[in-house]
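Everything below concerns the one structure shown next.
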Amino acid sequence: MGLFTSDDCKKWKAARAEYDALILAHKVNQLAELDAWYQKELPARLASRNPAYVTKEEFLEILRWKMKRGDWRESNRLRIAETGARVIEQHARDAFAAARDLDTEIPTASKEYKRPIQIFSELDGVGPATASAALAAFRPDLYPFFDEWIAKQIDGLGKVAFTASYYWKYAGALREKARALKKCKGHWNAQEVGQALWVASGGKIKIK
């Protein structure tokens with residue numbers, strides 16, 4: 001039985017506890033440093049800004065984190081790099097503003113839930129995965145990072161497709177599992193569920 005279908009709190013806690021070790025085990029240049037920035041420094045920066053936003057430089061760092069943990073797509077990076085800093089910052093402000101006050105139980109299929117992803121995806125070279133990477137640092141309870149290795153651990157989603165419609169199902173499944181894990185000690189949100197599933201998958205190196 002895979003981790004996603006398990007309700008064993010000890011298994012989930014153990015998987016999440018191995019996240020940093022798996023990041024290091026990938027031995028990808030600067031991934032550990034980028035991940036520490038993404039997991040700790042970036043959320044604190046966003047929380048300190050009113051309104052919340054990311055700069056172009058920060059958005060490119062989010063993209064680097066995403067690609068180093070997954071697949072490097074240079075064409076997308078170049079398209080984003082060629083986008084104006086003011087354009088990126090304004091889209092970020094609008095997306096975070098749309099996500100800021102959403103209820104924790106908002107349906108994933110609702111237009112209000114979808115809007116922040118759609119706003120980021122208006123940027124050239126940005127799709128649901130990159131949009132979710134930015135939003136996960138701001139509302140990890142609602143917008144888990146879209147990762148193919150995580151998706152493959154979730155029963156019933158079918159073949160991974162980096163589309164908005166697939167992401168709604170993916171995020172919904174992780175949010176539902178986070179609700180189920182409320183019985184476990186400690187706080188679980190959709191992003192943390194995804195991290196545990198990423199460990200269970202072994203990521204790109206599949207060390208398990």
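Residues in the structure tokens are named by chain (A, B, ... in the order shown) and by number from 1 within that chain; ligands are numbered from 1 in the order shown.
The residue set within 12 Å of Asp71 in chain A, counting only C-alpha atoms and dropping same-chain residues fewer than 5 places from it, reads A:Val28, A:Leu63, A:Arg64, A:Trp65, A:Lys66, A:Asn76, A:Arg77, A:Ala129, A:Thr130, A:Asp147, A:Glu148, A:Trp149, A:Gly203, A:Lys204.
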Could those selected residues go to a file with N, CA and C atoms, as a short mmCIF file (atom, residue, chain, number, x, y, z; two decimals), in the first residue's frame?
data_model
loop_
_atom_site.label_atom_id
_atom_site.label_comp_id
_atom_site.auth_asym_id
_atom_site.auth_seq_id
_atom_site.Cartn_x
_atom_site.Cartn_y
_atom_site.Cartn_z
N VAL A 28 22.14 17.95 -6.50
CA VAL A 28 21.96 18.92 -7.57
C VAL A 28 22.53 20.25 -7.11
N LEU A 63 11.54 29.72 -9.88
CA LEU A 63 11.63 28.89 -11.08
C LEU A 63 12.86 27.99 -11.05
N ARG A 64 13.99 28.53 -10.60
CA ARG A 64 15.20 27.72 -10.50
C ARG A 64 15.01 26.57 -9.52
N TRP A 65 14.37 26.86 -8.38
CA TRP A 65 14.09 25.80 -7.40
C TRP A 65 13.23 24.72 -8.03
N LYS A 66 12.18 25.13 -8.71
CA LYS A 66 11.27 24.18 -9.35
C LYS A 66 12.00 23.30 -10.36
N ASN A 76 11.34 28.03 -21.18
CA ASN A 76 10.43 28.70 -20.26
C ASN A 76 11.17 29.73 -19.41
N ARG A 77 12.37 29.37 -18.95
CA ARG A 77 13.15 30.31 -18.15
C ARG A 77 13.47 31.57 -18.94
N ALA A 129 2.30 24.61 -12.92
CA ALA A 129 3.35 24.15 -12.00
C ALA A 129 4.13 25.33 -11.42
N THR A 130 4.56 26.26 -12.28
CA THR A 130 5.30 27.42 -11.79
C THR A 130 4.39 28.32 -10.96
N ASP A 147 3.94 18.79 -8.70
CA ASP A 147 5.13 18.01 -8.98
C ASP A 147 4.72 16.65 -9.54
N GLU A 148 5.35 16.22 -10.61
CA GLU A 148 4.94 14.98 -11.25
C GLU A 148 5.19 13.76 -10.38
N TRP A 149 6.28 13.77 -9.58
CA TRP A 149 6.56 12.62 -8.74
C TRP A 149 5.52 12.48 -7.64
N GLY A 203 11.73 10.98 -5.39
CA GLY A 203 12.09 12.07 -6.30
C GLY A 203 12.71 11.56 -7.58
N LYS A 204 13.64 12.30 -8.12
CA LYS A 204 14.29 11.91 -9.39
C LYS A 204 15.25 10.75 -9.21
#
Worksheet entry | Shell of 12 Å around Tyr166 in chain A, only C-alpha atoms, local chain residues under 3 positions omitted, as a list in words |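 In the requested format, the answer is Thr108, Ala109, Lys114, Gly127, Pro128, Ala129, Phe146, Asp147, Glu148, Ala151, Gly156, Leu157, Gly158, Lys159, Val160, Ala161, Phe162, Thr163, Lys169, Tyr170, Ala171, Gly172 and Ala173 of chain A.
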Deliver the residues from the most recent selection as a file, using N, CA and C atoms, as an mmCIF file, in the first residue's frame.
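For reference, selection_15.cif as written:
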data_model
loop_
_atom_site.group_PDB
_atom_site.id
_atom_site.type_symbol
_atom_site.label_atom_id
_atom_site.label_comp_id
_atom_site.auth_asym_id
_atom_site.auth_seq_id
_atom_site.Cartn_x
_atom_site.Cartn_y
_atom_site.Cartn_z
ATOM 1 N N THR A 108 -12.014 23.395 -4.739
ATOM 2 C CA THR A 108 -10.973 23.532 -5.749
ATOM 3 C C THR A 108 -11.561 23.847 -7.119
ATOM 4 N N ALA A 109 -12.803 23.451 -7.350
ATOM 5 C CA ALA A 109 -13.441 23.677 -8.644
ATOM 6 C C ALA A 109 -14.037 25.076 -8.787
ATOM 7 N N LYS A 114 -9.559 29.065 -8.541
ATOM 8 C CA LYS A 114 -8.759 28.966 -9.764
ATOM 9 C C LYS A 114 -8.072 30.269 -10.151
ATOM 10 N N GLY A 127 3.092 28.163 -16.390
ATOM 11 C CA GLY A 127 1.947 27.266 -16.376
ATOM 12 C C GLY A 127 1.544 26.961 -14.947
ATOM 13 N N PRO A 128 0.636 26.016 -14.758
ATOM 14 C CA PRO A 128 0.159 25.699 -13.403
ATOM 15 C C PRO A 128 1.258 25.286 -12.427
ATOM 16 N N ALA A 129 2.298 24.608 -12.915
ATOM 17 C CA ALA A 129 3.352 24.154 -12.000
ATOM 18 C C ALA A 129 4.129 25.333 -11.424
ATOM 19 N N PHE A 146 2.871 21.764 -7.676
ATOM 20 C CA PHE A 146 2.502 20.751 -8.667
ATOM 21 C C PHE A 146 3.763 20.037 -9.135
ATOM 22 N N ASP A 147 3.939 18.795 -8.697
ATOM 23 C CA ASP A 147 5.132 18.010 -8.984
ATOM 24 C C ASP A 147 4.722 16.648 -9.536
ATOM 25 N N GLU A 148 5.354 16.224 -10.615
ATOM 26 C CA GLU A 148 4.940 14.977 -11.251
ATOM 27 C C GLU A 148 5.186 13.757 -10.381
ATOM 28 N N ALA A 151 2.380 13.615 -7.979
ATOM 29 C CA ALA A 151 1.148 13.234 -8.671
ATOM 30 C C ALA A 151 1.068 11.726 -8.900
ATOM 31 N N GLY A 156 -5.823 7.427 -8.601
ATOM 32 C CA GLY A 156 -7.016 7.916 -9.275
ATOM 33 C C GLY A 156 -6.860 9.160 -10.114
ATOM 34 N N LEU A 157 -5.659 9.743 -10.161
ATOM 35 C CA LEU A 157 -5.500 10.970 -10.951
ATOM 36 C C LEU A 157 -5.237 10.689 -12.425
ATOM 37 N N GLY A 158 -4.769 9.503 -12.722
ATOM 38 C CA GLY A 158 -4.460 9.191 -14.110
ATOM 39 C C GLY A 158 -3.096 9.716 -14.526
ATOM 40 N N LYS A 159 -2.791 9.627 -15.811
ATOM 41 C CA LYS A 159 -1.505 10.067 -16.339
ATOM 42 C C LYS A 159 -1.287 11.548 -16.057
ATOM 43 N N VAL A 160 -0.080 11.884 -15.618
ATOM 44 C CA VAL A 160 0.228 13.272 -15.263
ATOM 45 C C VAL A 160 0.158 14.173 -16.501
ATOM 46 N N ALA A 161 -0.560 15.261 -16.354
ATOM 47 C CA ALA A 161 -0.665 16.267 -17.415
ATOM 48 C C ALA A 161 -0.507 17.637 -16.773
ATOM 49 N N PHE A 162 0.418 18.438 -17.290
ATOM 50 C CA PHE A 162 0.653 19.750 -16.682
ATOM 51 C C PHE A 162 -0.352 20.774 -17.210
ATOM 52 N N THR A 163 -1.603 20.517 -16.881
ATOM 53 C CA THR A 163 -2.706 21.383 -17.293
ATOM 54 C C THR A 163 -3.422 21.897 -16.052
ATOM 55 N N LYS A 169 -7.564 18.774 -9.752
ATOM 56 C CA LYS A 169 -7.762 17.444 -9.160
ATOM 57 C C LYS A 169 -6.615 17.102 -8.205
ATOM 58 N N TYR A 170 -5.415 17.408 -8.615
ATOM 59 C CA TYR A 170 -4.212 17.156 -7.809
ATOM 60 C C TYR A 170 -4.284 17.919 -6.483
ATOM 61 N N ALA A 171 -4.545 19.216 -6.554
ATOM 62 C CA ALA A 171 -4.627 20.036 -5.343
ATOM 63 C C ALA A 171 -5.767 19.572 -4.448
ATOM 64 N N GLY A 172 -6.882 19.206 -5.061
ATOM 65 C CA GLY A 172 -8.015 18.725 -4.290
ATOM 66 C C GLY A 172 -7.679 17.468 -3.502
ATOM 67 N N ALA A 173 -6.935 16.561 -4.120
ATOM 68 C CA ALA A 173 -6.553 15.321 -3.456
ATOM 69 C C ALA A 173 -5.614 15.582 -2.279
#
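Once Ala99 in chain A and its same-chain neighbours fewer than 5 positions away are set aside, Arg93, Asp94, Glu112, Tyr113, Lys114, Arg115, Pro116, Ile117, Leu135, Phe138, Arg139, Leu142 and Tyr143 of chain A remain within 10 Å of it when counting only C-alpha atoms.
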Save the residues we just selected, C-alpha atoms, as a PDB file, in the first residue's frame?
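Result file out.pdb:
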ATOM      1  CA  ARG A  93       0.348  41.195  -6.391  1.00  0.00           C
ATOM      2  CA  ASP A  94      -2.915  40.376  -8.151  1.00  0.00           C
ATOM      3  CA  GLU A 112     -12.356  32.026  -6.947  1.00  0.00           C
ATOM      4  CA  TYR A 113      -9.935  29.203  -6.163  1.00  0.00           C
ATOM      5  CA  LYS A 114      -8.759  28.966  -9.764  1.00  0.00           C
ATOM      6  CA  ARG A 115      -8.194  32.699 -10.238  1.00  0.00           C
ATOM      7  CA  PRO A 116      -4.728  33.026  -8.585  1.00  0.00           C
ATOM      8  CA  ILE A 117      -3.304  30.203 -10.725  1.00  0.00           C
ATOM      9  CA  LEU A 135       1.421  30.298  -4.447  1.00  0.00           C
ATOM     10  CA  PHE A 138       1.972  32.076   0.287  1.00  0.00           C
ATOM     11  CA  ARG A 139      -1.015  29.748   0.845  1.00  0.00           C
ATOM     12  CA  LEU A 142      -4.650  25.809  -0.625  1.00  0.00           C
ATOM     13  CA  TYR A 143      -2.018  25.617  -3.367  1.00  0.00           C
TER      14      TYR A 143
END
Worksheet item: Which polymer residues have any atom within 10 Å of an atom of Arg79 in chain A, counting only C-alpha atoms, with same-chain residues fewer than 3 positions away left out, as a ChimeraX atom specification?
Response: /A:74-76,82-83,123-126
Worksheet item: If you measure from CA of Gln153 in chain A to CA of Leu3 in chain A, what distance in Å do you get, rounded to one decimal?
Response: 7.7 Å
Fill in: Pick from A:Lys56, A:Ile154, A:Leu197, A:Phe145, whichever lies nearest to Lys11 in chain A using only C-alpha atoms
A:Leu197
Residue contacts of Ala190 in chain A (6 Å, only C-alpha atoms) excluding same-chain residues fewer than 2 positions away, as a tab-separated table (two decimals) with C-alpha atoms, in the first residue's frame:
chain	number	residue	atom	x	y	z
A	141	ASP	CA	-2.94	25.10	2.70
A	144	PRO	CA	0.43	22.70	-3.08
A	174	LEU	CA	-3.72	16.80	-1.38
A	175	ARG	CA	-6.08	19.15	0.46
A	178	ALA	CA	-4.38	17.10	4.75
A	192	GLU	CA	3.37	19.29	3.58
A	193	VAL	CA	1.37	16.30	2.35
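Take the candidates A:His91, A:Lys111, A:Lys13, A:Lys152 and check each one against Trp188 in chain A using only C-alpha atoms; the shortest distance goes to A:Lys13.
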Discussion item. Which residues are close to Glu89 in chain A, i.e. within 8 Å by only C-alpha atoms, leaving aside same-chain residues fewer than 5 positions away? Reply as number ranges by chain.
Written reply: A: 53-56
Practice prompt. Provide the CA of Glu33 in chain A to CA of Ala131 in chain A distance in Å, to one decimal place.
Written response: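 Separation between CA of Glu33 in chain A and CA of Ala131 in chain A: 21.0 Å.
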Practice prompt. Using only C-alpha atoms, determine which residues lie at most 12 Å from Ala32 in chain A, disregarding the query and same-chain residues fewer than 3 positions distant; provide the list as a PyMOL selection string.
Written response: chain A and resi 19-29+35-39+64-65+68-69
